[in-house]
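Student: You'll find model06.cif just under this line, and it carries mmCIF, N, CA and C atoms.
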```
data_my_file
#
loop_
_atom_site.label_atom_id
_atom_site.label_comp_id
_atom_site.auth_asym_id
_atom_site.auth_seq_id
_atom_site.Cartn_x
_atom_site.Cartn_y
_atom_site.Cartn_z
N VAL A 1 -14.36 4.54 6.62
CA VAL A 1 -13.86 5.90 6.70
C VAL A 1 -12.64 5.95 7.62
N VAL A 2 -12.75 5.32 8.80
CA VAL A 2 -11.64 5.34 9.76
C VAL A 2 -10.41 4.65 9.17
N ILE A 3 -10.62 3.50 8.55
CA ILE A 3 -9.50 2.77 7.97
C ILE A 3 -8.86 3.61 6.87
N GLY A 4 -9.67 4.26 6.07
CA GLY A 4 -9.16 5.12 5.00
C GLY A 4 -8.30 6.25 5.54
N LEU A 5 -8.73 6.85 6.62
CA LEU A 5 -7.95 7.94 7.23
C LEU A 5 -6.63 7.41 7.79
N ILE A 6 -6.66 6.25 8.42
CA ILE A 6 -5.43 5.66 8.95
C ILE A 6 -4.45 5.36 7.81
N LEU A 7 -4.97 4.75 6.75
CA LEU A 7 -4.12 4.40 5.61
C LEU A 7 -3.55 5.65 4.93
N ALA A 8 -4.39 6.64 4.71
CA ALA A 8 -3.95 7.86 4.04
C ALA A 8 -2.90 8.59 4.89
N GLY A 9 -3.13 8.64 6.18
CA GLY A 9 -2.18 9.30 7.07
C GLY A 9 -0.84 8.61 7.08
N ARG A 10 -0.85 7.28 7.16
CA ARG A 10 0.40 6.52 7.17
C ARG A 10 1.13 6.68 5.85
N TRP A 11 0.40 6.61 4.75
CA TRP A 11 1.02 6.76 3.43
C TRP A 11 1.65 8.14 3.28
N ALA A 12 0.91 9.19 3.64
CA ALA A 12 1.42 10.56 3.50
C ALA A 12 2.65 10.77 4.38
N TRP A 13 2.60 10.27 5.59
CA TRP A 13 3.73 10.44 6.51
C TRP A 13 4.98 9.77 5.95
N ALA A 14 4.85 8.53 5.47
CA ALA A 14 5.99 7.80 4.93
C ALA A 14 6.45 8.42 3.61
N ARG A 15 5.53 8.86 2.81
CA ARG A 15 5.83 9.42 1.49
C ARG A 15 6.64 10.71 1.58
N PHE A 16 6.34 11.52 2.55
CA PHE A 16 6.97 12.83 2.65
C PHE A 16 8.07 12.87 3.70
N GLY A 17 8.72 11.73 3.93
CA GLY A 17 9.93 11.71 4.73
C GLY A 17 9.75 11.49 6.21
N GLY A 18 8.55 11.28 6.66
CA GLY A 18 8.35 11.03 8.09
C GLY A 18 8.65 9.59 8.43
N THR A 19 8.75 9.32 9.69
CA THR A 19 8.90 7.94 10.13
C THR A 19 7.65 7.57 10.91
N VAL A 20 7.22 6.34 10.76
CA VAL A 20 6.03 5.88 11.45
C VAL A 20 6.43 5.47 12.86
N VAL A 21 5.84 6.11 13.84
CA VAL A 21 6.15 5.84 15.24
C VAL A 21 4.90 5.29 15.90
N ALA A 22 5.03 4.13 16.52
CA ALA A 22 3.89 3.54 17.22
C ALA A 22 3.74 4.24 18.56
N ARG A 23 2.58 4.79 18.80
CA ARG A 23 2.30 5.46 20.06
C ARG A 23 0.98 4.95 20.61
N SER A 24 0.88 4.99 21.88
CA SER A 24 -0.36 4.62 22.53
C SER A 24 -1.37 5.74 22.32
N SER A 25 -2.60 5.38 22.09
CA SER A 25 -3.65 6.37 21.86
C SER A 25 -4.93 5.90 22.54
N PRO A 26 -5.64 6.82 23.14
CA PRO A 26 -6.92 6.42 23.72
C PRO A 26 -7.97 6.10 22.65
N ALA A 27 -7.77 6.59 21.43
CA ALA A 27 -8.75 6.38 20.37
C ALA A 27 -8.53 5.07 19.61
N VAL A 28 -7.28 4.66 19.44
CA VAL A 28 -6.96 3.45 18.69
C VAL A 28 -6.00 2.61 19.53
N GLU A 29 -6.34 1.33 19.70
CA GLU A 29 -5.49 0.43 20.48
C GLU A 29 -5.21 -0.82 19.66
N VAL A 30 -3.93 -1.19 19.55
CA VAL A 30 -3.55 -2.43 18.88
C VAL A 30 -3.75 -3.56 19.88
N LEU A 31 -4.71 -4.42 19.61
CA LEU A 31 -5.03 -5.52 20.51
C LEU A 31 -4.14 -6.73 20.27
N SER A 32 -3.86 -6.98 19.00
CA SER A 32 -3.11 -8.18 18.64
C SER A 32 -2.44 -7.99 17.29
N ARG A 33 -1.29 -8.63 17.14
CA ARG A 33 -0.57 -8.63 15.87
C ARG A 33 -0.06 -10.04 15.65
N THR A 34 -0.47 -10.65 14.54
CA THR A 34 -0.10 -12.04 14.25
C THR A 34 0.59 -12.11 12.90
N SER A 35 1.75 -12.72 12.86
CA SER A 35 2.48 -12.89 11.62
C SER A 35 1.83 -14.01 10.80
N VAL A 36 1.57 -13.73 9.53
CA VAL A 36 0.98 -14.75 8.65
C VAL A 36 1.94 -15.16 7.53
N ALA A 37 2.99 -14.37 7.32
CA ALA A 37 4.02 -14.65 6.33
C ALA A 37 5.16 -13.67 6.60
N ALA A 38 6.26 -13.85 5.90
CA ALA A 38 7.38 -12.92 6.07
C ALA A 38 6.90 -11.50 5.75
N ARG A 39 7.05 -10.60 6.71
CA ARG A 39 6.68 -9.19 6.56
C ARG A 39 5.19 -8.96 6.30
N SER A 40 4.35 -9.90 6.70
CA SER A 40 2.90 -9.75 6.57
C SER A 40 2.24 -10.13 7.89
N HIS A 41 1.36 -9.25 8.35
CA HIS A 41 0.72 -9.45 9.65
C HIS A 41 -0.77 -9.14 9.56
N VAL A 42 -1.51 -9.71 10.48
CA VAL A 42 -2.91 -9.35 10.67
C VAL A 42 -2.99 -8.68 12.03
N LEU A 43 -3.60 -7.49 12.06
CA LEU A 43 -3.74 -6.73 13.29
C LEU A 43 -5.19 -6.64 13.70
N LEU A 44 -5.43 -6.69 15.00
CA LEU A 44 -6.75 -6.38 15.56
C LEU A 44 -6.62 -5.03 16.22
N LEU A 45 -7.40 -4.06 15.75
CA LEU A 45 -7.37 -2.71 16.30
C LEU A 45 -8.70 -2.41 16.95
N ARG A 46 -8.68 -1.87 18.17
CA ARG A 46 -9.93 -1.43 18.80
C ARG A 46 -10.05 0.07 18.55
N VAL A 47 -11.16 0.44 17.94
CA VAL A 47 -11.48 1.84 17.67
C VAL A 47 -12.87 2.07 18.24
N GLY A 48 -12.91 2.72 19.39
CA GLY A 48 -14.19 2.90 20.07
C GLY A 48 -14.77 1.55 20.45
N GLY A 49 -16.00 1.31 20.06
CA GLY A 49 -16.67 0.05 20.38
C GLY A 49 -16.55 -0.99 19.28
N ARG A 50 -15.69 -0.73 18.30
CA ARG A 50 -15.52 -1.67 17.18
C ARG A 50 -14.14 -2.28 17.21
N ILE A 51 -14.00 -3.38 16.52
CA ILE A 51 -12.69 -3.98 16.29
C ILE A 51 -12.49 -4.06 14.79
N LEU A 52 -11.35 -3.54 14.33
CA LEU A 52 -11.00 -3.60 12.92
C LEU A 52 -9.95 -4.67 12.73
N VAL A 53 -10.12 -5.48 11.68
CA VAL A 53 -9.13 -6.48 11.30
C VAL A 53 -8.41 -5.89 10.09
N VAL A 54 -7.09 -5.71 10.24
CA VAL A 54 -6.30 -5.00 9.23
C VAL A 54 -5.11 -5.85 8.82
N GLY A 55 -4.86 -5.93 7.52
CA GLY A 55 -3.67 -6.60 7.00
C GLY A 55 -2.55 -5.59 6.87
N ASP A 56 -1.35 -5.97 7.29
CA ASP A 56 -0.17 -5.10 7.21
C ASP A 56 0.90 -5.84 6.44
N SER A 57 1.29 -5.30 5.28
CA SER A 57 2.31 -5.93 4.45
C SER A 57 3.20 -4.85 3.86
N ALA A 58 4.15 -5.25 3.06
CA ALA A 58 5.05 -4.30 2.42
C ALA A 58 4.27 -3.32 1.55
N ALA A 59 3.12 -3.72 1.06
CA ALA A 59 2.30 -2.86 0.22
C ALA A 59 1.51 -1.84 1.03
N GLY A 60 1.47 -2.01 2.36
CA GLY A 60 0.75 -1.07 3.22
C GLY A 60 -0.34 -1.76 4.02
N LEU A 61 -1.18 -0.94 4.61
CA LEU A 61 -2.29 -1.46 5.41
C LEU A 61 -3.52 -1.66 4.53
N ARG A 62 -4.31 -2.69 4.86
CA ARG A 62 -5.54 -2.95 4.11
C ARG A 62 -6.61 -3.43 5.09
N GLY A 63 -7.75 -2.76 5.07
CA GLY A 63 -8.86 -3.17 5.92
C GLY A 63 -9.42 -4.50 5.45
N LEU A 64 -9.54 -5.45 6.36
CA LEU A 64 -10.05 -6.77 6.01
C LEU A 64 -11.47 -7.00 6.51
N ALA A 65 -11.76 -6.50 7.72
CA ALA A 65 -13.09 -6.70 8.29
C ALA A 65 -13.31 -5.70 9.42
N GLU A 66 -14.57 -5.52 9.76
CA GLU A 66 -14.94 -4.65 10.87
C GLU A 66 -15.94 -5.42 11.74
N VAL A 67 -15.62 -5.54 13.01
CA VAL A 67 -16.49 -6.25 13.95
C VAL A 67 -17.21 -5.21 14.79
N THR A 68 -18.53 -5.16 14.66
CA THR A 68 -19.32 -4.17 15.41
C THR A 68 -20.31 -4.83 16.36
N ASP A 69 -20.59 -6.11 16.16
CA ASP A 69 -21.54 -6.81 17.02
C ASP A 69 -20.98 -6.86 18.45
N PRO A 70 -21.73 -6.33 19.43
CA PRO A 70 -21.21 -6.27 20.81
C PRO A 70 -20.78 -7.63 21.37
N ASP A 71 -21.49 -8.71 21.04
CA ASP A 71 -21.12 -10.03 21.53
C ASP A 71 -19.79 -10.50 20.92
N GLU A 72 -19.61 -10.26 19.63
CA GLU A 72 -18.35 -10.65 18.96
C GLU A 72 -17.19 -9.81 19.48
N VAL A 73 -17.42 -8.51 19.69
CA VAL A 73 -16.38 -7.63 20.23
C VAL A 73 -15.97 -8.12 21.61
N ALA A 74 -16.94 -8.42 22.46
CA ALA A 74 -16.65 -8.92 23.81
C ALA A 74 -15.88 -10.23 23.76
N SER A 75 -16.25 -11.12 22.86
CA SER A 75 -15.58 -12.41 22.73
C SER A 75 -14.12 -12.23 22.29
N LEU A 76 -13.89 -11.36 21.32
CA LEU A 76 -12.52 -11.10 20.87
C LEU A 76 -11.68 -10.45 21.97
N LEU A 77 -12.26 -9.49 22.67
CA LEU A 77 -11.53 -8.83 23.76
C LEU A 77 -11.17 -9.84 24.85
N GLU A 78 -12.08 -10.75 25.14
CA GLU A 78 -11.81 -11.78 26.14
C GLU A 78 -10.68 -12.70 25.67
N ALA A 79 -10.71 -13.08 24.39
CA ALA A 79 -9.67 -13.96 23.86
C ALA A 79 -8.31 -13.28 23.89
N VAL A 80 -8.25 -12.01 23.53
CA VAL A 80 -6.99 -11.27 23.54
C VAL A 80 -6.47 -11.13 24.96
N THR A 81 -7.35 -10.79 25.90
CA THR A 81 -6.95 -10.65 27.30
C THR A 81 -6.45 -11.98 27.86
N SER A 82 -7.14 -13.06 27.53
CA SER A 82 -6.73 -14.39 27.99
C SER A 82 -5.36 -14.77 27.42
N ALA A 83 -5.14 -14.47 26.16
CA ALA A 83 -3.86 -14.80 25.52
C ALA A 83 -2.72 -13.99 26.14
N LYS A 84 -2.96 -12.73 26.45
CA LYS A 84 -1.93 -11.91 27.08
C LYS A 84 -1.61 -12.40 28.48
N THR A 85 -2.65 -12.81 29.23
CA THR A 85 -2.45 -13.32 30.58
C THR A 85 -1.66 -14.62 30.55
N THR A 86 -1.97 -15.51 29.61
CA THR A 86 -1.29 -16.79 29.48
C THR A 86 0.16 -16.61 29.07
N SER A 87 0.43 -15.69 28.13
CA SER A 87 1.79 -15.49 27.66
C SER A 87 2.66 -14.78 28.70
N ALA A 88 2.06 -14.04 29.61
CA ALA A 88 2.81 -13.34 30.65
C ALA A 88 3.23 -14.27 31.77
N SER A 89 2.62 -15.43 31.84
CA SER A 89 2.92 -16.38 32.94
C SER A 89 4.22 -17.09 32.73
#
```
Take the structure in the file and write it out as structure tokens.
Tutor:
Amino acid sequence: VVIGLILAGRWAWARFGGTVVARSSPAVEVLSRTSVAARSHVLLLRVGGRILVVGDSAAGLRGLAEVTDPDEVASLLEAVTSAKTTSAS
């Protein structure tokens, strides 16, 4: 449901002349963005206590997976935090 709302909102905004602006939100946080091909990315989004894995390409956003297990969420958050700390050094 959440992914559907995000996709529909982005599509409607772009379709009717709006521009997509990335803003910080307490409800949705982009944890990671990894390029997998030209103009194609995999995003990790934190939405509440879940992590959504989303594909972003020229065709739009597509939900790939949802991580709800607390241990897996904690592990991913630790990996993202560790990667950010290492890259900032």
Student: Expressed in Å to a single decimal, how great is the separation between CA of Ser57 in chain A and CA of Leu43 in chain A?
Tutor: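 Taking CA of Ser57 in chain A and CA of Leu43 in chain A, their separation equals 10.7 Å.
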Student: Counting only C-alpha atoms, which residue out of A:Thr85, A:Val47, A:Ser40, A:Val73 sits closest to Gly60 in chain A?
Tutor: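 Using only C-alpha atoms, Gly60 in chain A sits closest to A:Ser40.
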Student: From the DSSP assignment of the backbone, select every residue of range 25-88 of chain A that is alpha helix (DSSP H), and format the answer as a VMD selection string.
Tutor: chain A and resid 70 to 88
Student: How would the residues just chosen look if you wrote them out with N, CA and C atoms as a PDB file, in the coordinates of the input?
Tutor:
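Generated output (selection-v1.pdb):
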```pdb
ATOM      1  N   PRO A  70     -21.730  -6.330  19.430  1.00  0.00           N
ATOM      2  CA  PRO A  70     -21.210  -6.270  20.810  1.00  0.00           C
ATOM      3  C   PRO A  70     -20.780  -7.630  21.370  1.00  0.00           C
ATOM      4  N   ASP A  71     -21.490  -8.710  21.040  1.00  0.00           N
ATOM      5  CA  ASP A  71     -21.120 -10.030  21.530  1.00  0.00           C
ATOM      6  C   ASP A  71     -19.790 -10.500  20.920  1.00  0.00           C
ATOM      7  N   GLU A  72     -19.610 -10.260  19.630  1.00  0.00           N
ATOM      8  CA  GLU A  72     -18.350 -10.650  18.960  1.00  0.00           C
ATOM      9  C   GLU A  72     -17.190  -9.810  19.480  1.00  0.00           C
ATOM     10  N   VAL A  73     -17.420  -8.510  19.690  1.00  0.00           N
ATOM     11  CA  VAL A  73     -16.380  -7.630  20.230  1.00  0.00           C
ATOM     12  C   VAL A  73     -15.970  -8.120  21.610  1.00  0.00           C
ATOM     13  N   ALA A  74     -16.940  -8.420  22.460  1.00  0.00           N
ATOM     14  CA  ALA A  74     -16.650  -8.920  23.810  1.00  0.00           C
ATOM     15  C   ALA A  74     -15.880 -10.230  23.760  1.00  0.00           C
ATOM     16  N   SER A  75     -16.250 -11.120  22.860  1.00  0.00           N
ATOM     17  CA  SER A  75     -15.580 -12.410  22.730  1.00  0.00           C
ATOM     18  C   SER A  75     -14.120 -12.230  22.290  1.00  0.00           C
ATOM     19  N   LEU A  76     -13.890 -11.360  21.320  1.00  0.00           N
ATOM     20  CA  LEU A  76     -12.520 -11.100  20.870  1.00  0.00           C
ATOM     21  C   LEU A  76     -11.680 -10.450  21.970  1.00  0.00           C
ATOM     22  N   LEU A  77     -12.260  -9.490  22.670  1.00  0.00           N
ATOM     23  CA  LEU A  77     -11.530  -8.830  23.760  1.00  0.00           C
ATOM     24  C   LEU A  77     -11.170  -9.840  24.850  1.00  0.00           C
ATOM     25  N   GLU A  78     -12.080 -10.750  25.140  1.00  0.00           N
ATOM     26  CA  GLU A  78     -11.810 -11.780  26.140  1.00  0.00           C
ATOM     27  C   GLU A  78     -10.680 -12.700  25.670  1.00  0.00           C
ATOM     28  N   ALA A  79     -10.710 -13.080  24.390  1.00  0.00           N
ATOM     29  CA  ALA A  79      -9.670 -13.960  23.860  1.00  0.00           C
ATOM     30  C   ALA A  79      -8.310 -13.280  23.890  1.00  0.00           C
ATOM     31  N   VAL A  80      -8.250 -12.010  23.530  1.00  0.00           N
ATOM     32  CA  VAL A  80      -6.990 -11.270  23.540  1.00  0.00           C
ATOM     33  C   VAL A  80      -6.470 -11.130  24.960  1.00  0.00           C
ATOM     34  N   THR A  81      -7.350 -10.790  25.900  1.00  0.00           N
ATOM     35  CA  THR A  81      -6.950 -10.650  27.300  1.00  0.00           C
ATOM     36  C   THR A  81      -6.450 -11.980  27.860  1.00  0.00           C
ATOM     37  N   SER A  82      -7.140 -13.060  27.530  1.00  0.00           N
ATOM     38  CA  SER A  82      -6.730 -14.390  27.990  1.00  0.00           C
ATOM     39  C   SER A  82      -5.360 -14.770  27.420  1.00  0.00           C
ATOM     40  N   ALA A  83      -5.140 -14.470  26.160  1.00  0.00           N
ATOM     41  CA  ALA A  83      -3.860 -14.800  25.520  1.00  0.00           C
ATOM     42  C   ALA A  83      -2.720 -13.990  26.140  1.00  0.00           C
ATOM     43  N   LYS A  84      -2.960 -12.730  26.450  1.00  0.00           N
ATOM     44  CA  LYS A  84      -1.930 -11.910  27.080  1.00  0.00           C
ATOM     45  C   LYS A  84      -1.610 -12.400  28.480  1.00  0.00           C
ATOM     46  N   THR A  85      -2.650 -12.810  29.230  1.00  0.00           N
ATOM     47  CA  THR A  85      -2.450 -13.320  30.580  1.00  0.00           C
ATOM     48  C   THR A  85      -1.660 -14.620  30.550  1.00  0.00           C
ATOM     49  N   THR A  86      -1.970 -15.510  29.610  1.00  0.00           N
ATOM     50  CA  THR A  86      -1.290 -16.790  29.480  1.00  0.00           C
ATOM     51  C   THR A  86       0.160 -16.610  29.070  1.00  0.00           C
ATOM     52  N   SER A  87       0.430 -15.690  28.130  1.00  0.00           N
ATOM     53  CA  SER A  87       1.790 -15.490  27.660  1.00  0.00           C
ATOM     54  C   SER A  87       2.660 -14.780  28.700  1.00  0.00           C
ATOM     55  N   ALA A  88       2.060 -14.040  29.610  1.00  0.00           N
ATOM     56  CA  ALA A  88       2.810 -13.340  30.650  1.00  0.00           C
ATOM     57  C   ALA A  88       3.230 -14.270  31.770  1.00  0.00           C
TER      58      ALA A  88
END
```
Student: Can you tell me, as a list in words, what residues are no more than 12 Å from Ala38 in chain A when counting only C-alpha atoms, ignoring any on the same chain fewer than 4 positions away?
Tutor: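 My reading of the contact set: Thr34, Val42, Asp56, Ser57 and Ala58 of chain A.
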Student: Separation of atom N of Thr81 in chain A and atom N of Ala37 in chain A, in Å?
Tutor: 21.6 Å
Student: Which residues are near Val67 in chain A? Cut-off 6.5 Å, all atoms listed in the file, ignore same chain within fewer than 5 positions. Put them as a list in words.
Tutor: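 The residues satisfying every condition are Gly49, Arg50, Ile51, Leu52, Val53 and Val73 of chain A.
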Student: Give as a ChimeraX atom specification the residues that the PyMOL selection byres ((chain A and resi 28) around 7) matches when applied to the coordinates above.
Tutor: /A:24-27,29-30,45-48
Student: So the first atom is atom C of Arg33 in chain A and the second is CA of Val1 in chain A; what is the distance between them in Å, to one decimal place?
Tutor: 22.9 Å
Student: Reconstruct N, CA, C and O atoms of range 63-79 of chain A from the incomplete input and present them as a PDB file, in the coordinates of the input.
Tutor:
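In the end it all went to out-v7.pdb:
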```
ATOM      1  N   GLY A  63      -7.750  -2.760   5.070  1.00  0.00           N
ATOM      2  CA  GLY A  63      -8.860  -3.170   5.920  1.00  0.00           C
ATOM      3  C   GLY A  63      -9.420  -4.500   5.450  1.00  0.00           C
ATOM      4  O   GLY A  63      -9.724  -4.669   4.270  1.00  0.00           O
ATOM      5  N   LEU A  64      -9.540  -5.450   6.360  1.00  0.00           N
ATOM      6  CA  LEU A  64     -10.050  -6.770   6.010  1.00  0.00           C
ATOM      7  C   LEU A  64     -11.470  -7.000   6.510  1.00  0.00           C
ATOM      8  O   LEU A  64     -12.273  -7.608   5.825  1.00  0.00           O
ATOM      9  N   ALA A  65     -11.760  -6.500   7.720  1.00  0.00           N
ATOM     10  CA  ALA A  65     -13.090  -6.700   8.290  1.00  0.00           C
ATOM     11  C   ALA A  65     -13.310  -5.700   9.420  1.00  0.00           C
ATOM     12  O   ALA A  65     -12.360  -5.135   9.954  1.00  0.00           O
ATOM     13  N   GLU A  66     -14.570  -5.520   9.760  1.00  0.00           N
ATOM     14  CA  GLU A  66     -14.940  -4.650  10.870  1.00  0.00           C
ATOM     15  C   GLU A  66     -15.940  -5.420  11.740  1.00  0.00           C
ATOM     16  O   GLU A  66     -16.931  -5.934  11.243  1.00  0.00           O
ATOM     17  N   VAL A  67     -15.620  -5.540  13.010  1.00  0.00           N
ATOM     18  CA  VAL A  67     -16.490  -6.250  13.950  1.00  0.00           C
ATOM     19  C   VAL A  67     -17.210  -5.210  14.790  1.00  0.00           C
ATOM     20  O   VAL A  67     -16.571  -4.457  15.527  1.00  0.00           O
ATOM     21  N   THR A  68     -18.530  -5.160  14.660  1.00  0.00           N
ATOM     22  CA  THR A  68     -19.320  -4.170  15.410  1.00  0.00           C
ATOM     23  C   THR A  68     -20.310  -4.830  16.360  1.00  0.00           C
ATOM     24  O   THR A  68     -20.801  -4.161  17.260  1.00  0.00           O
ATOM     25  N   ASP A  69     -20.590  -6.110  16.160  1.00  0.00           N
ATOM     26  CA  ASP A  69     -21.540  -6.810  17.020  1.00  0.00           C
ATOM     27  C   ASP A  69     -20.980  -6.860  18.450  1.00  0.00           C
ATOM     28  O   ASP A  69     -19.864  -7.338  18.658  1.00  0.00           O
ATOM     29  N   PRO A  70     -21.730  -6.330  19.430  1.00  0.00           N
ATOM     30  CA  PRO A  70     -21.210  -6.270  20.810  1.00  0.00           C
ATOM     31  C   PRO A  70     -20.780  -7.630  21.370  1.00  0.00           C
ATOM     32  O   PRO A  70     -19.780  -7.710  22.100  1.00  0.00           O
ATOM     33  N   ASP A  71     -21.490  -8.710  21.040  1.00  0.00           N
ATOM     34  CA  ASP A  71     -21.120 -10.030  21.530  1.00  0.00           C
ATOM     35  C   ASP A  71     -19.790 -10.500  20.920  1.00  0.00           C
ATOM     36  O   ASP A  71     -18.943 -11.072  21.608  1.00  0.00           O
ATOM     37  N   GLU A  72     -19.610 -10.260  19.630  1.00  0.00           N
ATOM     38  CA  GLU A  72     -18.350 -10.650  18.960  1.00  0.00           C
ATOM     39  C   GLU A  72     -17.190  -9.810  19.480  1.00  0.00           C
ATOM     40  O   GLU A  72     -16.089 -10.327  19.697  1.00  0.00           O
ATOM     41  N   VAL A  73     -17.420  -8.510  19.690  1.00  0.00           N
ATOM     42  CA  VAL A  73     -16.380  -7.630  20.230  1.00  0.00           C
ATOM     43  C   VAL A  73     -15.970  -8.120  21.610  1.00  0.00           C
ATOM     44  O   VAL A  73     -14.775  -8.262  21.904  1.00  0.00           O
ATOM     45  N   ALA A  74     -16.940  -8.420  22.460  1.00  0.00           N
ATOM     46  CA  ALA A  74     -16.650  -8.920  23.810  1.00  0.00           C
ATOM     47  C   ALA A  74     -15.880 -10.230  23.760  1.00  0.00           C
ATOM     48  O   ALA A  74     -14.925 -10.429  24.522  1.00  0.00           O
ATOM     49  N   SER A  75     -16.250 -11.120  22.860  1.00  0.00           N
ATOM     50  CA  SER A  75     -15.580 -12.410  22.730  1.00  0.00           C
ATOM     51  C   SER A  75     -14.120 -12.230  22.290  1.00  0.00           C
ATOM     52  O   SER A  75     -13.215 -12.865  22.842  1.00  0.00           O
ATOM     53  N   LEU A  76     -13.890 -11.360  21.320  1.00  0.00           N
ATOM     54  CA  LEU A  76     -12.520 -11.100  20.870  1.00  0.00           C
ATOM     55  C   LEU A  76     -11.680 -10.450  21.970  1.00  0.00           C
ATOM     56  O   LEU A  76     -10.519 -10.818  22.171  1.00  0.00           O
ATOM     57  N   LEU A  77     -12.260  -9.490  22.670  1.00  0.00           N
ATOM     58  CA  LEU A  77     -11.530  -8.830  23.760  1.00  0.00           C
ATOM     59  C   LEU A  77     -11.170  -9.840  24.850  1.00  0.00           C
ATOM     60  O   LEU A  77     -10.067  -9.799  25.400  1.00  0.00           O
ATOM     61  N   GLU A  78     -12.080 -10.750  25.140  1.00  0.00           N
ATOM     62  CA  GLU A  78     -11.810 -11.780  26.140  1.00  0.00           C
ATOM     63  C   GLU A  78     -10.680 -12.700  25.670  1.00  0.00           C
ATOM     64  O   GLU A  78      -9.787 -13.059  26.451  1.00  0.00           O
ATOM     65  N   ALA A  79     -10.710 -13.080  24.390  1.00  0.00           N
ATOM     66  CA  ALA A  79      -9.670 -13.960  23.860  1.00  0.00           C
ATOM     67  C   ALA A  79      -8.310 -13.280  23.890  1.00  0.00           C
ATOM     68  O   ALA A  79      -7.302 -13.900  24.251  1.00  0.00           O
TER      69      ALA A  79
END
```
